[in-house]
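Visitor: Quick one: the structure is below, questions incoming.
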Amino acid sequence: MTAVFLVLILAVIGRLLPFAPCDPPWSWRSDLMLALLCGLLVALMGGSWLMPFHLIDGAHFSGDLSEYCNAVVDRAAADLSHYSHNRSLLPAWPAAFLLPHLGLLDAMVASSTAALGVLAAGLYLWGRALHSRMAGVAAALATCALAPLLLLSRMMSFYPETTAVFTLAAGLTAVAVRFSTPAALAAASLGAVLCLLVDLRGLLFALCFLVLIVLAATRAPRRCWPARLAIPALALALGWAAADHAYLPQTAALETQVDLKRRLLDRGIAVPDALEKTLETGYVWGRSDPRQIPLTLLGLQRQSSALPPGALMDETTQRHLDAYLYPWLPLLSGALVVGALGLALGALRWWRLLALLGTAAPFVVAFKGAVELQRAFLRFLATGEPILALLLGLGFAVVYEGAARSGVSRRAGALRLAVGTLLLLLLVLGVVPSAVSPVAPWRTPIPASDRQLRRLVDALESGAPSQMTACLQQLRRDEAAGHSPRGRLYGGVADRPGSSAP
């Protein structure tokens with residue numbers, strides 16, 4: 001608690017600085033540049049300096065590593081007959097593009113690190129639209145203090161890419177709600193459609209964002225409604241046409257991927273009768289009947305409500321909550337109250353409050369599902385944790401700036417933003433001891449899970465065909481073409497004596 005109060009005291013000191021708070025008009029050039037800078041800064045700090053404080057005994061981790069390795073290699077080779085039936089093609093594209101140049105694992109690391117940067121840029125846009133530039137910078141830098149988000153840079157899966165898309169779409173939607181220009185509506189609509197294409201579980205995110213985009217379009221004069229409403233409609237049509245490039249015929253339906261009955265049976269728990277009777281529509285974006293989407297949502301809601309309370313809670317879930325959520329509750333509670341009050345004050349601020357609630361809803365649902373259904377594993381927590389970073393950013397900005405107002409000089413506003421950014425950097429880098437420091441005593445570093453990697457390497461070195469995955473078969477084809485399979489796996493790093501996995 002002492003560390004929590006120290007953070008608040010430092011923010012209050014910033015509030016007393018002799019520079020008036022400034023919330024300048026939206027500028028595509030300036031704000032997109034700041035978003036890019038925030039993304040680059042977070043990606044560089046998170047992927048290099050801060051990551052080792054949270055990850056021990058290795059430099060990467062993953063669940064179902066072989067599945068993602070197979071998906072990346074299949075995507076790069078354009079051989080999709082065995083591509084994972086649970087994944088979209090889009091998240092595999094960055095690593096597949098880099099595969100010939102970096103090797104498999106290095107390519108996946110680069111893709112994950114870039115995704116962390118995109119996520120931070122989305123958080124900047126999100127906070128900027130809801131409050132001010134200071135809120136955007138604070139939300140982006142809060143990523144460096146939340147271990148599940150920070151470790152996305154070393155997560156060998158597609159969760160970094162999907163989480164980044166969801167967060168960027170939320171930020172663009174908040175921009176559209178606040179400023180309601182045709183360009184903002186178009187960008188937000190494309191972001192929402194990308195949620196539908198990057199993962200089937202993006203359905204709830206896209207629907208929440210599209211509702212807000214439609215409401216934002218109606219803020220224009222009535223004569224402009226047809227043109228404004230045509231923007232999300234056109235984006236949806238384009239997204240439907242592009243579905244064949246994202247989902248294969250063998251893609252499993254959303255209901256199959258989130259099947260709670262299987263989870264109960266895997267843990268030896270009897271399946272309730274109500275869960276046996278839930279609706280299944282076979283939802284796959286671009287392939288199933290879109291008129292069945294309400295029934296899809298109803299079926300998922302019935303599955304969740306039919307699950308016995310606490311049925312899937314166990315010691316693993318409790319341990320992860322103790323490490324990654326409960327220590328944050330005092331600071332998050334204060335940030336939520338302060339941030340909500342800050343957004344509710346002033347003329348027309350209720351639009352910002354509506355944007356906060358609407359964009360936060362799918363992340364809250366995702367976080368709830370990670371805790372109740374997925375044992376609070378890092379990759380699932382990370383999908384919902386962008387809302388926690390946003391709340392921390394809003395709370396800091398409200399305390400630091402008070403009720404933001406325009407009309408001050410550009411130089412004063414820039415100086416105040418620079419001072420606040422420096423203060424935040426001192427906190428998240430641990431220069432100033434606080435609860436958000438990477439070496440705060442409450443933190444619990446996790447061991448890197450490289451067991452599957454070792455198994456892949458052993459199979460490759462032994463040459464046992466029975467143990468080869470499709471990924472390793474592709475690497476053997478590369479070897480026959482004159483490339484080192486071990487070098488391809490590690491991007492050349494492992495060929496050097498004493499080296500370790502990237």
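Scheme for the structure tokens: letters A, B, ... for chains in order shown; per-chain residue numbers from 1; ligand numbers from 1 in order shown.
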Name the residues in contact with segment 186-201 of chain A at a cut-off of 8 Å, using only C-alpha atoms, excluding same-chain residues fewer than 4 positions from it; report them as an MDAnalysis selection string.

Guide: chainID A and resid 87:91 162 165:166 168:170 172:173 175:176 182 205:207 209:210 213 231:232 235:236 239 243 246:247 253:254 284:285

Visitor: Include N, CA and C atoms and write out the residues we just selected as an mmCIF file, in the first residue's frame.

Guide:
data_model
loop_
_atom_site.group_PDB
_atom_site.id
_atom_site.type_symbol
_atom_site.label_atom_id
_atom_site.label_comp_id
_atom_site.auth_asym_id
_atom_site.auth_seq_id
_atom_site.Cartn_x
_atom_site.Cartn_y
_atom_site.Cartn_z
ATOM 1 N N ARG A 87 -7.403 -22.039 -36.004
ATOM 2 C CA ARG A 87 -6.765 -20.740 -36.172
ATOM 3 C C ARG A 87 -7.122 -20.101 -37.506
ATOM 4 N N SER A 88 -7.161 -18.779 -37.484
ATOM 5 C CA SER A 88 -7.268 -18.010 -38.713
ATOM 6 C C SER A 88 -5.906 -17.971 -39.395
ATOM 7 N N LEU A 89 -5.919 -17.711 -40.694
ATOM 8 C CA LEU A 89 -4.664 -17.596 -41.428
ATOM 9 C C LEU A 89 -3.952 -16.274 -41.158
ATOM 10 N N LEU A 90 -4.691 -15.247 -40.789
ATOM 11 C CA LEU A 90 -4.098 -13.914 -40.681
ATOM 12 C C LEU A 90 -3.009 -13.794 -39.613
ATOM 13 N N PRO A 91 -3.204 -14.326 -38.385
ATOM 14 C CA PRO A 91 -2.141 -14.140 -37.378
ATOM 15 C C PRO A 91 -0.835 -14.821 -37.744
ATOM 16 N N THR A 162 -3.615 -11.489 -32.122
ATOM 17 C CA THR A 162 -5.055 -11.275 -31.968
ATOM 18 C C THR A 162 -5.350 -10.217 -30.910
ATOM 19 N N VAL A 165 -4.755 -6.786 -32.377
ATOM 20 C CA VAL A 165 -5.840 -6.354 -33.269
ATOM 21 C C VAL A 165 -7.047 -5.886 -32.467
ATOM 22 N N PHE A 166 -7.421 -6.650 -31.437
ATOM 23 C CA PHE A 166 -8.566 -6.253 -30.609
ATOM 24 C C PHE A 166 -8.329 -4.889 -29.961
ATOM 25 N N LEU A 168 -6.153 -2.441 -30.895
ATOM 26 C CA LEU A 168 -6.116 -1.378 -31.895
ATOM 27 C C LEU A 168 -7.524 -1.029 -32.358
ATOM 28 N N ALA A 169 -8.367 -2.036 -32.558
ATOM 29 C CA ALA A 169 -9.748 -1.771 -32.967
ATOM 30 C C ALA A 169 -10.499 -1.005 -31.888
ATOM 31 N N ALA A 170 -10.263 -1.333 -30.615
ATOM 32 C CA ALA A 170 -10.907 -0.592 -29.529
ATOM 33 C C ALA A 170 -10.471 0.865 -29.535
ATOM 34 N N LEU A 172 -9.357 2.650 -32.119
ATOM 35 C CA LEU A 172 -9.946 3.325 -33.273
ATOM 36 C C LEU A 172 -11.439 3.575 -33.070
ATOM 37 N N THR A 173 -12.119 2.643 -32.416
ATOM 38 C CA THR A 173 -13.544 2.845 -32.136
ATOM 39 C C THR A 173 -13.754 4.015 -31.190
ATOM 40 N N VAL A 175 -11.826 6.576 -30.893
ATOM 41 C CA VAL A 175 -11.576 7.774 -31.695
ATOM 42 C C VAL A 175 -12.809 8.125 -32.520
ATOM 43 N N ALA A 176 -13.450 7.114 -33.108
ATOM 44 C CA ALA A 176 -14.644 7.360 -33.918
ATOM 45 C C ALA A 176 -15.786 7.906 -33.076
ATOM 46 N N PRO A 182 -15.658 11.109 -40.940
ATOM 47 C CA PRO A 182 -15.699 9.964 -41.867
ATOM 48 C C PRO A 182 -14.435 9.120 -41.833
ATOM 49 N N PHE A 205 -16.053 -8.819 -29.767
ATOM 50 C CA PHE A 205 -15.338 -7.549 -29.890
ATOM 51 C C PHE A 205 -15.903 -6.743 -31.056
ATOM 52 N N ALA A 206 -16.049 -7.396 -32.199
ATOM 53 C CA ALA A 206 -16.514 -6.688 -33.392
ATOM 54 C C ALA A 206 -17.929 -6.149 -33.208
ATOM 55 N N LEU A 207 -18.806 -6.931 -32.615
ATOM 56 C CA LEU A 207 -20.189 -6.481 -32.448
ATOM 57 C C LEU A 207 -20.265 -5.265 -31.526
ATOM 58 N N PHE A 209 -17.927 -3.066 -30.964
ATOM 59 C CA PHE A 209 -17.332 -1.914 -31.649
ATOM 60 C C PHE A 209 -18.264 -1.389 -32.735
ATOM 61 N N LEU A 210 -18.909 -2.285 -33.478
ATOM 62 C CA LEU A 210 -19.790 -1.842 -34.557
ATOM 63 C C LEU A 210 -21.003 -1.093 -34.022
ATOM 64 N N ILE A 213 -19.797 2.317 -33.359
ATOM 65 C CA ILE A 213 -19.526 3.032 -34.614
ATOM 66 C C ILE A 213 -20.830 3.547 -35.220
ATOM 67 N N ILE A 231 -20.530 3.518 -44.295
ATOM 68 C CA ILE A 231 -19.119 3.182 -44.057
ATOM 69 C C ILE A 231 -18.977 1.838 -43.354
ATOM 70 N N PRO A 232 -19.614 1.612 -42.176
ATOM 71 C CA PRO A 232 -19.487 0.275 -41.569
ATOM 72 C C PRO A 232 -20.131 -0.822 -42.400
ATOM 73 N N ALA A 235 -17.605 -1.796 -44.953
ATOM 74 C CA ALA A 235 -16.516 -2.538 -44.319
ATOM 75 C C ALA A 235 -16.931 -3.981 -44.030
ATOM 76 N N LEU A 236 -18.159 -4.180 -43.566
ATOM 77 C CA LEU A 236 -18.645 -5.535 -43.312
ATOM 78 C C LEU A 236 -18.710 -6.353 -44.595
ATOM 79 N N GLY A 239 -15.259 -7.340 -45.421
ATOM 80 C CA GLY A 239 -14.816 -8.384 -44.506
ATOM 81 C C GLY A 239 -15.412 -9.738 -44.834
ATOM 82 N N ALA A 243 -13.299 -13.311 -46.110
ATOM 83 C CA ALA A 243 -13.294 -14.427 -45.159
ATOM 84 C C ALA A 243 -12.589 -15.664 -45.713
ATOM 85 N N ALA A 246 -9.102 -15.927 -44.734
ATOM 86 C CA ALA A 246 -8.824 -16.028 -43.303
ATOM 87 C C ALA A 246 -9.181 -17.393 -42.729
ATOM 88 N N TYR A 247 -10.281 -17.964 -43.187
ATOM 89 C CA TYR A 247 -10.758 -19.235 -42.629
ATOM 90 C C TYR A 247 -10.861 -20.285 -43.723
ATOM 91 N N ALA A 253 -15.926 -24.641 -35.841
ATOM 92 C CA ALA A 253 -16.872 -23.588 -35.467
ATOM 93 C C ALA A 253 -16.526 -23.013 -34.097
ATOM 94 N N LEU A 254 -17.007 -21.795 -33.857
ATOM 95 C CA LEU A 254 -16.723 -21.133 -32.589
ATOM 96 C C LEU A 254 -17.225 -21.955 -31.417
ATOM 97 N N VAL A 284 -18.866 -19.674 -38.263
ATOM 98 C CA VAL A 284 -17.564 -19.356 -38.848
ATOM 99 C C VAL A 284 -17.796 -18.143 -39.748
ATOM 100 N N TRP A 285 -17.132 -17.046 -39.460
ATOM 101 C CA TRP A 285 -17.354 -15.819 -40.217
ATOM 102 C C TRP A 285 -17.089 -16.054 -41.707
#

Visitor: Show which residues sit within 6 Å of Ala397 of chain A, as a ChimeraX atom specification. Count only C-alpha atoms, and ignore same-chain residues fewer than 4 positions away.

Guide: /A:134-135,401

Visitor: Looking only at helix (DSSP H, G or I) from DSSP on the backbone, list the matching residues of segment 330-447 of chain A as a PDB file with C-alpha atoms, in the first residue's frame.

Guide:
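Once written, part.pdb looks like this:
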ATOM      1  CA  PRO A 330      -6.083  -1.358  -4.848  1.00  0.00           C
ATOM      2  CA  LEU A 331      -4.500   0.629  -7.663  1.00  0.00           C
ATOM      3  CA  LEU A 332      -7.035  -0.533 -10.254  1.00  0.00           C
ATOM      4  CA  SER A 333      -9.982   0.276  -8.002  1.00  0.00           C
ATOM      5  CA  GLY A 334      -8.710   3.796  -7.448  1.00  0.00           C
ATOM      6  CA  ALA A 335      -7.945   4.271 -11.141  1.00  0.00           C
ATOM      7  CA  LEU A 336     -11.441   3.077 -12.087  1.00  0.00           C
ATOM      8  CA  VAL A 337     -13.189   5.498  -9.733  1.00  0.00           C
ATOM      9  CA  VAL A 338     -10.981   8.457 -10.586  1.00  0.00           C
ATOM     10  CA  GLY A 339     -11.052   7.754 -14.322  1.00  0.00           C
ATOM     11  CA  ALA A 340     -14.828   7.304 -14.474  1.00  0.00           C
ATOM     12  CA  LEU A 341     -15.399  10.529 -12.544  1.00  0.00           C
ATOM     13  CA  GLY A 342     -12.983  12.355 -14.803  1.00  0.00           C
ATOM     14  CA  LEU A 343     -14.825  11.191 -17.924  1.00  0.00           C
ATOM     15  CA  ALA A 344     -18.242  11.975 -16.483  1.00  0.00           C
ATOM     16  CA  ARG A 349     -18.271  13.889 -21.612  1.00  0.00           C
ATOM     17  CA  TRP A 350     -20.994  11.256 -21.437  1.00  0.00           C
ATOM     18  CA  TRP A 351     -20.057  10.281 -24.992  1.00  0.00           C
ATOM     19  CA  ARG A 352     -16.588   9.441 -23.714  1.00  0.00           C
ATOM     20  CA  LEU A 353     -18.038   7.466 -20.827  1.00  0.00           C
ATOM     21  CA  LEU A 354     -20.212   5.529 -23.292  1.00  0.00           C
ATOM     22  CA  ALA A 355     -17.121   4.838 -25.400  1.00  0.00           C
ATOM     23  CA  LEU A 356     -15.288   3.537 -22.324  1.00  0.00           C
ATOM     24  CA  LEU A 357     -18.109   1.181 -21.338  1.00  0.00           C
ATOM     25  CA  GLY A 358     -18.727  -0.077 -24.871  1.00  0.00           C
ATOM     26  CA  THR A 359     -15.102  -0.723 -25.767  1.00  0.00           C
ATOM     27  CA  ALA A 360     -14.305  -2.215 -22.356  1.00  0.00           C
ATOM     28  CA  ALA A 361     -17.178  -4.736 -22.383  1.00  0.00           C
ATOM     29  CA  PRO A 362     -15.595  -7.446 -24.596  1.00  0.00           C
ATOM     30  CA  PHE A 363     -12.284  -7.222 -22.734  1.00  0.00           C
ATOM     31  CA  VAL A 364     -14.076  -7.648 -19.414  1.00  0.00           C
ATOM     32  CA  VAL A 365     -15.866 -10.719 -20.800  1.00  0.00           C
ATOM     33  CA  ALA A 366     -12.559 -12.106 -22.084  1.00  0.00           C
ATOM     34  CA  PHE A 367     -10.885 -11.536 -18.730  1.00  0.00           C
ATOM     35  CA  LYS A 368     -13.801 -13.157 -16.913  1.00  0.00           C
ATOM     36  CA  GLY A 369     -13.594 -16.164 -19.225  1.00  0.00           C
ATOM     37  CA  ALA A 370      -9.839 -16.452 -18.684  1.00  0.00           C
ATOM     38  CA  VAL A 371     -10.356 -16.638 -14.920  1.00  0.00           C
ATOM     39  CA  GLU A 372     -13.423 -18.878 -14.837  1.00  0.00           C
ATOM     40  CA  LEU A 373     -12.726 -21.178 -17.786  1.00  0.00           C
ATOM     41  CA  LEU A 378      -1.052 -15.797 -19.167  1.00  0.00           C
ATOM     42  CA  ARG A 379      -2.107 -16.028 -22.805  1.00  0.00           C
ATOM     43  CA  PHE A 380      -5.787 -15.862 -21.834  1.00  0.00           C
ATOM     44  CA  LEU A 381      -5.331 -13.128 -19.235  1.00  0.00           C
ATOM     45  CA  ALA A 382      -3.461 -11.056 -21.801  1.00  0.00           C
ATOM     46  CA  THR A 383      -6.522 -10.965 -24.063  1.00  0.00           C
ATOM     47  CA  GLY A 384      -8.503  -9.089 -21.431  1.00  0.00           C
ATOM     48  CA  PRO A 386      -5.621  -4.144 -22.141  1.00  0.00           C
ATOM     49  CA  ILE A 387      -8.601  -2.737 -20.238  1.00  0.00           C
ATOM     50  CA  LEU A 388      -6.516  -2.777 -17.048  1.00  0.00           C
ATOM     51  CA  ALA A 389      -3.760  -0.806 -18.783  1.00  0.00           C
ATOM     52  CA  LEU A 390      -6.360   1.673 -20.018  1.00  0.00           C
ATOM     53  CA  LEU A 391      -7.788   2.164 -16.521  1.00  0.00           C
ATOM     54  CA  LEU A 392      -4.323   2.779 -15.100  1.00  0.00           C
ATOM     55  CA  GLY A 393      -3.659   5.330 -17.841  1.00  0.00           C
ATOM     56  CA  LEU A 394      -6.953   7.141 -17.324  1.00  0.00           C
ATOM     57  CA  GLY A 395      -6.513   7.258 -13.557  1.00  0.00           C
ATOM     58  CA  PHE A 396      -3.015   8.664 -13.845  1.00  0.00           C
ATOM     59  CA  ALA A 397      -4.053  11.275 -16.412  1.00  0.00           C
ATOM     60  CA  VAL A 398      -7.057  12.465 -14.398  1.00  0.00           C
ATOM     61  CA  VAL A 399      -4.930  12.916 -11.278  1.00  0.00           C
ATOM     62  CA  TYR A 400      -2.024  14.428 -13.204  1.00  0.00           C
ATOM     63  CA  GLU A 401      -4.018  16.809 -15.375  1.00  0.00           C
ATOM     64  CA  ARG A 410       1.085  24.310 -27.541  1.00  0.00           C
ATOM     65  CA  ARG A 411       4.479  24.634 -25.876  1.00  0.00           C
ATOM     66  CA  ALA A 412       2.993  24.398 -22.377  1.00  0.00           C
ATOM     67  CA  GLY A 413       0.963  21.327 -23.313  1.00  0.00           C
ATOM     68  CA  ALA A 414       3.972  19.617 -24.907  1.00  0.00           C
ATOM     69  CA  LEU A 415       6.146  20.350 -21.880  1.00  0.00           C
ATOM     70  CA  ARG A 416       3.541  18.961 -19.518  1.00  0.00           C
ATOM     71  CA  LEU A 417       3.210  15.809 -21.647  1.00  0.00           C
ATOM     72  CA  ALA A 418       6.996  15.359 -21.671  1.00  0.00           C
ATOM     73  CA  VAL A 419       7.235  15.713 -17.876  1.00  0.00           C
ATOM     74  CA  GLY A 420       4.433  13.194 -17.348  1.00  0.00           C
ATOM     75  CA  THR A 421       6.012  10.730 -19.785  1.00  0.00           C
ATOM     76  CA  LEU A 422       9.361  10.995 -18.015  1.00  0.00           C
ATOM     77  CA  LEU A 423       7.671  10.380 -14.669  1.00  0.00           C
ATOM     78  CA  LEU A 424       5.962   7.270 -16.026  1.00  0.00           C
ATOM     79  CA  LEU A 425       9.212   5.956 -17.488  1.00  0.00           C
ATOM     80  CA  LEU A 426      10.907   6.332 -14.117  1.00  0.00           C
ATOM     81  CA  LEU A 427       8.099   4.281 -12.576  1.00  0.00           C
ATOM     82  CA  VAL A 428       7.804   1.426 -15.090  1.00  0.00           C
TER      83      VAL A 428
END

Visitor: Neighbouring residues of segment 65-68 of chain A were defined as those with any atom within 7 Å, considering only C-alpha atoms; residues of the same chain fewer than 4 positions away were excluded. Please report them as a list of chain:residue names.

Guide: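 Near segment 65-68 of chain A, the qualifying residues are A:Val72, A:Ser84, A:Met156, A:Ser157, A:Gln452.
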
Visitor: Extract, using only C-alpha atoms, all DNA, RNA and protein residues at most 12 Å from Ser81 of chain A, discarding same-chain residues fewer than 3 positions from it, and format them as a ChimeraX atom specification.

Guide: /A:70-71,74-75,77-78,84-85,248-251,470

Visitor: In Å, with one decimal, what is the gap from atom CA of Ala184 of chain A to atom CA of Cys224 of chain A?

Guide: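 So the two atoms, atom CA of Ala184 of chain A and atom CA of Cys224 of chain A, lie 14.9 Å apart.
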
Visitor: What gap, in Å, lies between atom CA of Pro52 of chain A and atom CA of His320 of chain A?

Guide: 18.7 Å

Visitor: So, counting only C-alpha atoms, which residue among A:Gln374, A:Cys208, A:Gly103, A:Leu229 is closest to Val258 of chain A?

Guide: A:Gln374

Visitor: Which one is closest to His131 of chain A: A:Leu116, A:Leu40, A:Ala95, A:Ala174? Count only C-alpha atoms.

Guide: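 That would be A:Ala174, the residue with the smallest distance to His131 of chain A.
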
Visitor: Figure out the distance between atom CA of Thr167 of chain A and atom CA of Leu123 of chain A, please, to one decimal in Å.

Guide: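 Taking atom CA of Leu123 of chain A as the start and atom CA of Thr167 of chain A as the end point, the length is 6.6 Å.
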